[in-house]
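**Q** Take this structure first; my questions come after.
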Amino acid sequence: MDGVLINSMPNHAVAWQRSMATFGIRMTADDAYATEGARGIDTIRNMVKQQQGKDITLEEAQAMYDVKTRFFGEMPKAEIMPGAYELMEKLHQEGFVMAVVTGSGQRPLINRLTTDFHPFITEDHITTAYDVQRGKPAPDPYLAGMKKCGTEPWETIVVENAPLGIQAGVAAQCFTIGVNTGPLPDEQLWQAGADLVVPSMTALCEMWNEECGMWNENSTEIK
């Protein structure tokens, strides 16, 4: 969702920095991008442990995440990522089943998915941070997403913009595409195990057009 379908990561980075500062936690924009895809409560527990040397409960982490959610809600509305809707429209026309697997649990953004990407995304095909006990980079979120869609790993393509998400897709044994819509170098996406790295959703959409056009011209089976 974030950084793939919706250009919300700049807002998340600001919300993370402002909210964590209220708890005496230093979090940079780079930290926000590097930990993107993980469950927010896991990111908070890890940062508190690293910087303050203490373990906090899930409930305490959730309370801190709620503050981050409030800061995020005060940010300007994030736009749909250029190329995302067009790509999903093409995939829908070609009969693909589409789902969203996100480390976020922020309801306003999740509600946008079924509105802004209707009819491509439905509520029953959305996996959030609250659907799994282990978030990205563990494979659990994508395994849960595939279960909801009734697909197997070899039938699944994962599109991710964050290293932790790419690691999760690879761990789930899916073909994983890295779309570098943020400030991290491409090398970090390759090192995470991406099978393919492209610079934007628009580039992925154009590549899909070219490849599918070639397949359709040379095959009577692939439509």
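In the structure tokens, each chain is lettered A, B, ... as it comes, each chain's residues begin at 1, and ligands are numbered from 1 in order of appearance.
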I need the residues in region 84-183 of chain A that are helix (DSSP H, G or I) according to DSSP; give them as JSON, numbers by chain.

**A** {"A": [84, 85, 86, 87, 88, 89, 90, 91, 92, 93, 107, 108, 109, 110, 111, 112, 113, 114, 115, 116, 123, 124, 125, 129, 130, 131, 140, 141, 142, 143, 144, 145, 146, 147, 148, 149, 153, 154, 155, 163, 164, 165, 166, 167, 168, 169, 170, 171]}

**Q** Quick one: residues within 8 Å of Lys136 (chain A), only C-alpha atoms counted, chain neighbours fewer than 2 positions away excluded, as a PyMOL selection string?

**A** chain A and resi 37-39+103+134+138-141+164-165+167-168

**Q** Write a file of the selected residues as a CSV table (one decimal), in the first residue's frame, keeping all heavy atoms.

**A**
chain,number,residue,atom,x,y,z
A,37,GLY,N,7.2,-1.3,6.1
A,37,GLY,CA,6.6,-2.7,5.8
A,37,GLY,C,6.5,-3.5,7.1
A,37,GLY,O,5.7,-4.4,7.1
A,38,ALA,N,7.3,-3.2,8.1
A,38,ALA,CA,7.2,-3.9,9.4
A,38,ALA,C,6.0,-3.4,10.1
A,38,ALA,O,5.5,-2.3,9.8
A,38,ALA,CB,8.5,-3.7,10.2
A,39,ARG,N,5.5,-4.2,11.0
A,39,ARG,CA,4.4,-3.8,11.8
A,39,ARG,C,4.9,-2.6,12.7
A,39,ARG,O,6.0,-2.6,13.2
A,39,ARG,CB,3.9,-4.9,12.8
A,39,ARG,CG,3.3,-6.1,12.0
A,39,ARG,CD,2.6,-7.0,13.0
A,39,ARG,NE,3.4,-7.3,14.2
A,39,ARG,CZ,2.9,-8.0,15.3
A,39,ARG,NH1,1.6,-8.3,15.3
A,39,ARG,NH2,3.7,-8.3,16.3
A,103,GLY,N,2.0,-3.6,6.2
A,103,GLY,CA,2.4,-3.6,7.6
A,103,GLY,C,1.6,-2.5,8.4
A,103,GLY,O,1.8,-2.4,9.6
A,134,ARG,N,3.6,-12.2,13.2
A,134,ARG,CA,4.9,-11.8,12.7
A,134,ARG,C,4.8,-11.0,11.4
A,134,ARG,O,4.2,-11.5,10.5
A,134,ARG,CB,5.8,-13.1,12.5
A,134,ARG,CG,6.1,-13.9,13.7
A,134,ARG,CD,7.2,-14.9,13.3
A,134,ARG,NE,6.9,-15.7,12.1
A,134,ARG,CZ,7.8,-16.4,11.5
A,134,ARG,NH1,9.0,-16.5,11.9
A,134,ARG,NH2,7.4,-17.1,10.4
A,138,ALA,N,9.2,-11.4,7.9
A,138,ALA,CA,8.8,-12.8,7.9
A,138,ALA,C,7.8,-13.0,6.7
A,138,ALA,O,7.1,-12.1,6.3
A,138,ALA,CB,8.1,-13.1,9.2
A,139,PRO,N,7.7,-14.2,6.3
A,139,PRO,CA,6.8,-14.5,5.1
A,139,PRO,C,5.3,-14.5,5.5
A,139,PRO,O,4.4,-14.4,4.6
A,139,PRO,CB,7.2,-15.9,4.7
A,139,PRO,CG,7.7,-16.5,5.9
A,139,PRO,CD,8.4,-15.4,6.7
A,140,ASP,N,5.0,-14.5,6.8
A,140,ASP,CA,3.6,-14.6,7.2
A,140,ASP,C,2.6,-13.7,6.6
A,140,ASP,O,1.5,-14.1,6.2
A,140,ASP,CB,3.6,-14.4,8.8
A,140,ASP,CG,4.5,-15.4,9.5
A,140,ASP,OD1,5.6,-15.7,9.0
A,140,ASP,OD2,4.1,-15.7,10.6
A,141,PRO,N,2.9,-12.4,6.4
A,141,PRO,CA,1.9,-11.5,5.8
A,141,PRO,C,1.5,-12.0,4.4
A,141,PRO,O,0.3,-12.0,4.0
A,141,PRO,CB,2.5,-10.1,5.8
A,141,PRO,CG,3.5,-10.2,6.9
A,141,PRO,CD,4.0,-11.6,6.9
A,164,LEU,N,12.3,-4.7,3.7
A,164,LEU,CA,11.7,-5.7,4.5
A,164,LEU,C,10.5,-6.4,3.8
A,164,LEU,O,10.3,-7.6,4.0
A,164,LEU,CB,11.2,-5.0,5.8
A,164,LEU,CG,12.2,-4.4,6.8
A,164,LEU,CD1,11.5,-3.8,8.0
A,164,LEU,CD2,13.2,-5.5,7.2
A,165,GLY,N,9.8,-5.6,3.0
A,165,GLY,CA,8.7,-6.2,2.2
A,165,GLY,C,9.2,-7.2,1.2
A,165,GLY,O,8.7,-8.2,0.9
A,167,GLN,N,12.1,-8.8,1.3
A,167,GLN,CA,12.5,-10.0,2.1
A,167,GLN,C,11.3,-10.9,2.4
A,167,GLN,O,11.4,-12.2,2.3
A,167,GLN,CB,13.2,-9.6,3.3
A,167,GLN,CG,14.6,-9.0,3.1
A,167,GLN,CD,15.2,-8.5,4.4
A,167,GLN,OE1,15.2,-9.3,5.4
A,167,GLN,NE2,15.8,-7.3,4.4
A,168,ALA,N,10.2,-10.3,2.7
A,168,ALA,CA,9.0,-11.1,3.0
A,168,ALA,C,8.4,-11.8,1.8
A,168,ALA,O,8.1,-13.0,1.9
A,168,ALA,CB,7.9,-10.2,3.6

**Q** Which residue out of A:Gly105, A:Pro199, A:Pro76, A:Gly95 has the minimum interatomic distance to Asp2 (chain A) when only C-alpha atoms are used?

**A**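 Once distances to Asp2 (chain A) are computed over only C-alpha atoms, the minimum belongs to A:Gly105.
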
**Q** Could you tell me which of A:Ile44, A:Leu109, A:Ala194, A:Met20 comes closest to Lys77 (chain A) if we count only C-alpha atoms?

**A**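 Ranked by minimum distance to Lys77 (chain A), first place goes to A:Leu109.
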
**Q** Any idea what's packed within 6 Å of region 173-175 of chain A, counting only C-alpha atoms, ignoring anything in its chain fewer than 6 positions away? Could you give it as a list of chain:residue names?

**A**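 Selected residues are A:Pro153, A:Thr156, A:Ile157.
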
**Q** Please dump the current selection as a PDB file, in the first residue's frame; keep N, CA, C and O atoms.

**A**
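Once written, again_9.pdb looks like this:
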ATOM      1  N   PRO A 153       2.485 -19.836  -3.999  1.00  0.00           N
ATOM      2  CA  PRO A 153       3.616 -18.937  -4.262  1.00  0.00           C
ATOM      3  C   PRO A 153       4.010 -18.854  -5.732  1.00  0.00           C
ATOM      4  O   PRO A 153       4.328 -17.763  -6.226  1.00  0.00           O
ATOM      5  N   THR A 156       2.075 -16.351  -7.759  1.00  0.00           N
ATOM      6  CA  THR A 156       1.954 -15.037  -7.139  1.00  0.00           C
ATOM      7  C   THR A 156       3.126 -14.120  -7.490  1.00  0.00           C
ATOM      8  O   THR A 156       4.280 -14.535  -7.466  1.00  0.00           O
ATOM      9  N   ILE A 157       2.805 -12.869  -7.791  1.00  0.00           N
ATOM     10  CA  ILE A 157       3.809 -11.818  -7.995  1.00  0.00           C
ATOM     11  C   ILE A 157       3.646 -10.803  -6.874  1.00  0.00           C
ATOM     12  O   ILE A 157       2.550 -10.290  -6.643  1.00  0.00           O
TER      13      ILE A 157
END

**Q** Could you please determine the separation between CA of Val4 (chain A) and CA of Ala63 (chain A) in Å, to one decimal place?

**A**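 That distance, rounded to one decimal, is 26.9 Å.
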
**Q** How many Å lie between CA of Thr127 (chain A) and CA of Ser104 (chain A), rounded to one decimal?

**A**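 Calculated distance between CA of Thr127 (chain A) and CA of Ser104 (chain A) is 9.2 Å.
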
**Q** Excluding Ile25 (chain A) and its own-chain neighbours fewer than 6 positions away, which residues fall within 8 Å of it when counting only C-alpha atoms? Please give them as an mmCIF file with C-alpha atoms, in the first residue's frame.

**A**
data_model
loop_
_atom_site.group_PDB
_atom_site.id
_atom_site.type_symbol
_atom_site.label_atom_id
_atom_site.label_comp_id
_atom_site.auth_asym_id
_atom_site.auth_seq_id
_atom_site.Cartn_x
_atom_site.Cartn_y
_atom_site.Cartn_z
ATOM 1 C CA MET A 47 13.642 1.351 18.694
ATOM 2 C CA VAL A 48 12.759 1.639 22.380
ATOM 3 C CA GLN A 51 17.710 3.607 22.412
#

**Q** Separation of CA of Asp195 (chain A) and CA of Val97 (chain A), in Å?

**A**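 Rounded to one decimal, the two atoms are 20.6 Å apart.
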
**Q** Identify which of the residues A:Ile6, A:Ala61, A:Val159, A:Val67 lies closest to Arg18 (chain A), counting only C-alpha atoms when measuring atom-to-atom distances.

**A** A:Val67

**Q** Counting only C-alpha atoms, which of A:Pro183, A:Gly83, A:Gly169, A:Gly135 gets nearest to Asp31 (chain A)?

**A**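 Of A:Pro183, A:Gly83, A:Gly169, A:Gly135, the one nearest Asp31 (chain A), counting only C-alpha atoms, is A:Pro183.
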
**Q** Could you give me, as a Markdown table, every region 47-88 of chain A residue with an atom at most 12 Å from region 120-126 of chain A, plus its closest atom pair and distance in Å to one decimal, counting only C-alpha atoms, rows ordered by chain then number?

**A**
| residue | atom | partner | partner_atom | distance |
| --- | --- | --- | --- | --- |
| A:Ala84 | CA | A:Phe120 | CA | 11.4 |
| A:Tyr85 | CA | A:Phe120 | CA | 9.2 |
| A:Glu86 | CA | A:Phe120 | CA | 11.0 |
| A:Leu87 | CA | A:Phe120 | CA | 10.6 |
| A:Met88 | CA | A:Phe120 | CA | 6.8 |

**Q** Out of A:Ala162, A:Ala171, A:Ala144, A:Ala13, which residue has the shortest atom-to-atom distance to Leu184 (chain A) when counting only C-alpha atoms?

**A**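 The shortest atom-to-atom distance to Leu184 (chain A) comes from A:Ala162.
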
**Q** Looking at A:Ala29, A:Ile110, A:Ile177, A:Val197, which one is nearest to His12 (chain A), with distances taken over only C-alpha atoms?

**A**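 Answer, going by the shortest atom-to-atom distance: A:Ala29.
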